[in-house]
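K.L.:
Below you will find the structure I want to go over with you.
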Amino acid sequence: MTTPIPEPASAAIVAAGRRLDERGWVPATAGNLSVRLDGGRVAITRSGFHKARLDAAALMVVDADGRPERPELKPSAETLLHCGIYRRFPGAGAVLHGHSVANTVLSRAAGQRIILAGYELLKAFPGLATHDGSVEVPVFDNDQDIARLQGVVEARWGNMDVIPPGYVLRGHGAYVWGPDMDTALNRMEALEFMLDCHLQESQA
Ligand SMILES: CSCCC(=O)C(=O)COP(=O)(O)O
Ligand SMILES: [Zn+2]
């Protein structure tokens, strides 16, 4: 059965794609965006579309396991990472993925984590009331086998006491989520701002 994507969900994805593009975080056709719908379904960008020029035709619906409602359409190649986030975090309502210079450069040099500490913008993440704290952003080796990569992500989450609403794929990009699209966008801007600071400090 296929059902249309509710207009608020498609509008949120289209607007978010433009915002990520304005920031320079979705070059070429990089990035993917999704919103959780009723019944475990997910509205997500189709593979290969430029995120600055999304419209309703560039979006589609998959089930909670990433299976397309319309099998003739190809969802984002990274759909299973979105589904993994929605499965693990019932409060997640929107997921964003972008390829910034900062997340790409820093993750290529990082180990298994990037520690962000002392930034006022840490307060954009849940559970941090002041700048006087730190967040461990997991870094995963990139993998073209997305199901296998999701397995690695889940195993790591299982070993973390505090899981921040984001992670980075080495040399590839960042994933961030939130209860709604506006919050996810704010968290992504906060993460990217702090990564950019981190990068500039490392070059000073
Ligand atoms: C040209 S970017 C390479 C694929 C990628 O990393 C990405 O984020 C976009 O893939 P999609 O299938 O979602 O278009
Ligand atoms: Zn990507």
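By convention in this document, the chains of the structure tokens carry letters A, B, ... by their order, each chain's residues are numbered from 1, and ligands are numbered from 1 in the order they are shown.
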Could you go through region 2-201 of chain A and tell me which residues DSSP, when run on the backbone, assigns to strand (DSSP E or B), listing them as a ChimeraX atom specification?
P.N.:
/A:32-36,42-46,59-62,68,75,94-98,113-117,134-140,166-169,173-178
K.L.:
From a DSSP pass on the backbone, collect the residues of region 8-131 of chain A flagged as alpha helix (DSSP H) and hand them back as number ranges by chain.
P.N.:
A: 8-22, 79-88, 101-109
K.L.:
Could you list, as a VMD selection string, every residue within 6 Å of Ala52 (chain A), counting only C-alpha atoms and ignoring same-chain residues fewer than 4 positions away?
P.N.:
chain A and resid 17 to 18 21
K.L.:
Write to file, as a short mmCIF file (atom, residue, chain, number, x, y, z; two decimals), in the first residue's frame, the residues of the selection just made, with C-alpha atoms.
P.N.:
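Output saved as selection-v8.cif:
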```cif
data_model
loop_
_atom_site.label_atom_id
_atom_site.label_comp_id
_atom_site.auth_asym_id
_atom_site.auth_seq_id
_atom_site.Cartn_x
_atom_site.Cartn_y
_atom_site.Cartn_z
CA GLY A 17 17.84 20.41 2.21
CA ARG A 18 18.09 24.06 1.19
CA ASP A 21 23.05 23.45 0.96
#
```
K.L.:
If the limit is 8 Å from any atom of ligand 2, counting only C-alpha atoms and all ligand atoms, which residues qualify? Return them as a list in words.
P.N.:
Ala30, Gly31, Asn32, Glu78, His97, Gly98, His99, His172, Gly173 and Ala174 of chain A
K.L.:
Store the residues of this selection in a file with C-alpha atoms, as a JSON list (two decimals), in the first residue's frame.
P.N.:
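Below is the file again_12.json, written as the result:
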```json
[["chain", "number", "residue", "atom", "x", "y", "z"],
["A", 30, "ALA", "CA", 25.79, 14.32, -0.92],
["A", 31, "GLY", "CA", 23.62, 14.02, 2.16],
["A", 32, "ASN", "CA", 20.26, 12.52, 2.96],
["A", 78, "GLU", "CA", 22.19, 5.18, 3.54],
["A", 97, "HIS", "CA", 23.27, 13.62, 7.09],
["A", 98, "GLY", "CA", 25.77, 16.03, 5.54],
["A", 99, "HIS", "CA", 29.33, 16.09, 4.23],
["A", 172, "HIS", "CA", 32.47, 10.77, 4.75],
["A", 173, "GLY", "CA", 30.10, 12.87, 6.85],
["A", 174, "ALA", "CA", 28.00, 13.33, 9.97]]
```
K.L.:
Return as a tab-separated table the residues of chain A lying at most 12 Å from ligand 1, together with the closest atom-to-atom pair for each and the distance in Å to one decimal, counting only C-alpha atoms and all ligand atoms, with rows in chain order and ascending residue number.
P.N.:
```
residue	atom	partner	partner_atom_place_in_ligand_line	distance
A:Gly17	CA	ligand 1	13 (O)	11.8
A:Trp25	CA	ligand 1	8 (O)	10.2
A:Val26	CA	ligand 1	8 (O)	7.8
A:Pro27	CA	ligand 1	1 (C)	7.6
A:Ala28	CA	ligand 1	1 (C)	5.7
A:Thr29	CA	ligand 1	1 (C)	4.6
A:Ala30	CA	ligand 1	2 (S)	3.6
A:Gly31	CA	ligand 1	8 (O)	3.6
A:Asn32	CA	ligand 1	13 (O)	4.5
A:Leu33	CA	ligand 1	13 (O)	7.9
A:Ser34	CA	ligand 1	13 (O)	10.1
A:Ile44	CA	ligand 1	13 (O)	8.7
A:Thr45	CA	ligand 1	13 (O)	6.5
A:Arg46	CA	ligand 1	14 (O)	6.4
A:Ser47	CA	ligand 1	14 (O)	3.6
A:Gly48	CA	ligand 1	14 (O)	3.7
A:Phe49	CA	ligand 1	14 (O)	5.8
A:His50	CA	ligand 1	14 (O)	7.7
A:Lys51	CA	ligand 1	14 (O)	8.6
A:Leu54	CA	ligand 1	14 (O)	11.4
A:Ala58	CA	ligand 1	14 (O)	10.2
A:Leu59	CA	ligand 1	13 (O)	10.7
A:Met60	CA	ligand 1	13 (O)	11.8
A:Leu73	CA	ligand 1	12 (O)	11.7
A:Lys74	CA	ligand 1	12 (O)	8.2
A:Pro75	CA	ligand 1	12 (O)	6.7
A:Ser76	CA	ligand 1	13 (O)	3.5
A:Ala77	CA	ligand 1	12 (O)	3.7
A:Glu78	CA	ligand 1	13 (O)	5.7
A:Thr79	CA	ligand 1	13 (O)	7.4
A:Leu80	CA	ligand 1	13 (O)	10.7
A:Leu81	CA	ligand 1	13 (O)	10.6
A:His82	CA	ligand 1	13 (O)	10.4
A:Leu96	CA	ligand 1	8 (O)	9.9
A:His97	CA	ligand 1	8 (O)	6.7
A:Gly98	CA	ligand 1	8 (O)	6.6
A:His99	CA	ligand 1	8 (O)	7.1
A:Ser100	CA	ligand 1	8 (O)	10.9
A:Thr104	CA	ligand 1	6 (O)	11.4
A:Asn142	CA	ligand 1	6 (O)	9.8
A:Asp143	CA	ligand 1	6 (O)	10.3
A:Gln144	CA	ligand 1	6 (O)	9.1
A:Asp145	CA	ligand 1	6 (O)	12.0
A:Ile146	CA	ligand 1	6 (O)	10.7
A:Val168	CA	ligand 1	6 (O)	12.0
A:Leu169	CA	ligand 1	6 (O)	9.7
A:Arg170	CA	ligand 1	6 (O)	11.3
A:Gly171	CA	ligand 1	6 (O)	10.0
A:His172	CA	ligand 1	6 (O)	6.5
A:Gly173	CA	ligand 1	6 (O)	7.4
A:Ala174	CA	ligand 1	8 (O)	9.4
A:Tyr175	CA	ligand 1	8 (O)	9.9
```
K.L.:
May I ask which of the residues A:Arg88, A:Arg53, A:Arg108, A:Lys123 is the closest one to Arg19 (chain A), counting only C-alpha atoms?
P.N.:
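Of A:Arg88, A:Arg53, A:Arg108, A:Lys123, the one nearest Arg19 (chain A) is A:Arg53, counting only C-alpha atoms.
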K.L.:
Just to confirm, what's the straight-line distance from CA of Ala147 (chain A) to CA of Pro6 (chain A) in Å (one decimal)?
P.N.:
28.0 Å
K.L.:
Calculated over only C-alpha atoms, which of the candidates A:Pro138, A:Pro126, A:Gly66, A:Gly151 has the smallest distance to Ala190 (chain A)?
P.N.:
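The shortest atom-to-atom distance to Ala190 (chain A) comes from A:Pro126.
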K.L.:
Counting only C-alpha atoms, figure out which residue out of A:Gly84, A:Gly133, A:Gly178, A:Pro90 gets nearest to Ala155 (chain A).
P.N.:
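Of all the options, A:Gly84 lies closest to Ala155 (chain A).
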K.L.:
Kindly indicate which residue among A:Phe89, A:Met188, A:Phe140, A:Val153 lies nearest to Ile114 (chain A), using only C-alpha atoms for the distances.
P.N.:
A:Phe140
K.L.:
Could you list, as a PDB file with C-alpha atoms, in the first residue's frame, every residue within 9 Å of Ile163 (chain A), counting only C-alpha atoms and ignoring same-chain residues fewer than 6 positions away?
P.N.:
```
ATOM      1  CA  VAL A 135      30.605  15.354  24.410  1.00  0.00           C
ATOM      2  CA  GLU A 136      32.156  12.257  22.902  1.00  0.00           C
ATOM      3  CA  VAL A 137      31.161  12.146  19.252  1.00  0.00           C
ATOM      4  CA  PRO A 138      31.717   8.614  17.934  1.00  0.00           C
ATOM      5  CA  TRP A 157      26.016   2.554  21.165  1.00  0.00           C
TER       6      TRP A 157
END
```
K.L.:
When you count only C-alpha atoms, which of these residues is closest to Ala117 (chain A): A:Ala64, A:Met194, A:Ile85, A:Ile13?
P.N.:
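Nearest candidate to Ala117 (chain A) out of A:Ala64, A:Met194, A:Ile85, A:Ile13: A:Met194.
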K.L.:
Hey, can you check how far CA of Ala57 (chain A) sits from CA of Arg87 (chain A)?
P.N.:
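Atom-to-atom, CA of Ala57 (chain A) and CA of Arg87 (chain A) are spaced 25.8 Å apart.
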K.L.:
As an exercise, work out the distance from CA of Gly127 (chain A) to CA of Val162 (chain A) in Å and give it to one decimal place.
P.N.:
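These two atoms are separated by 9.5 Å.
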K.L.:
List the neighbours of Glu189 (chain A) out to 10 Å using only C-alpha atoms; skip same-chain residues closer than 6 positions along the sequence, and give me the result as a list in words.
P.N.:
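Counting only C-alpha atoms, the residues come to Leu20, Arg23, Leu121, Ala124, Val176, Thr183 and Leu195 of chain A.
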K.L.:
Go through A:Arg113, A:Ala129, A:Cys197, A:Tyr119 and flag the residue nearest Arg156 (chain A), using only C-alpha atoms for the distances.
P.N.:
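That would be A:Arg113, the residue with the smallest distance to Arg156 (chain A).
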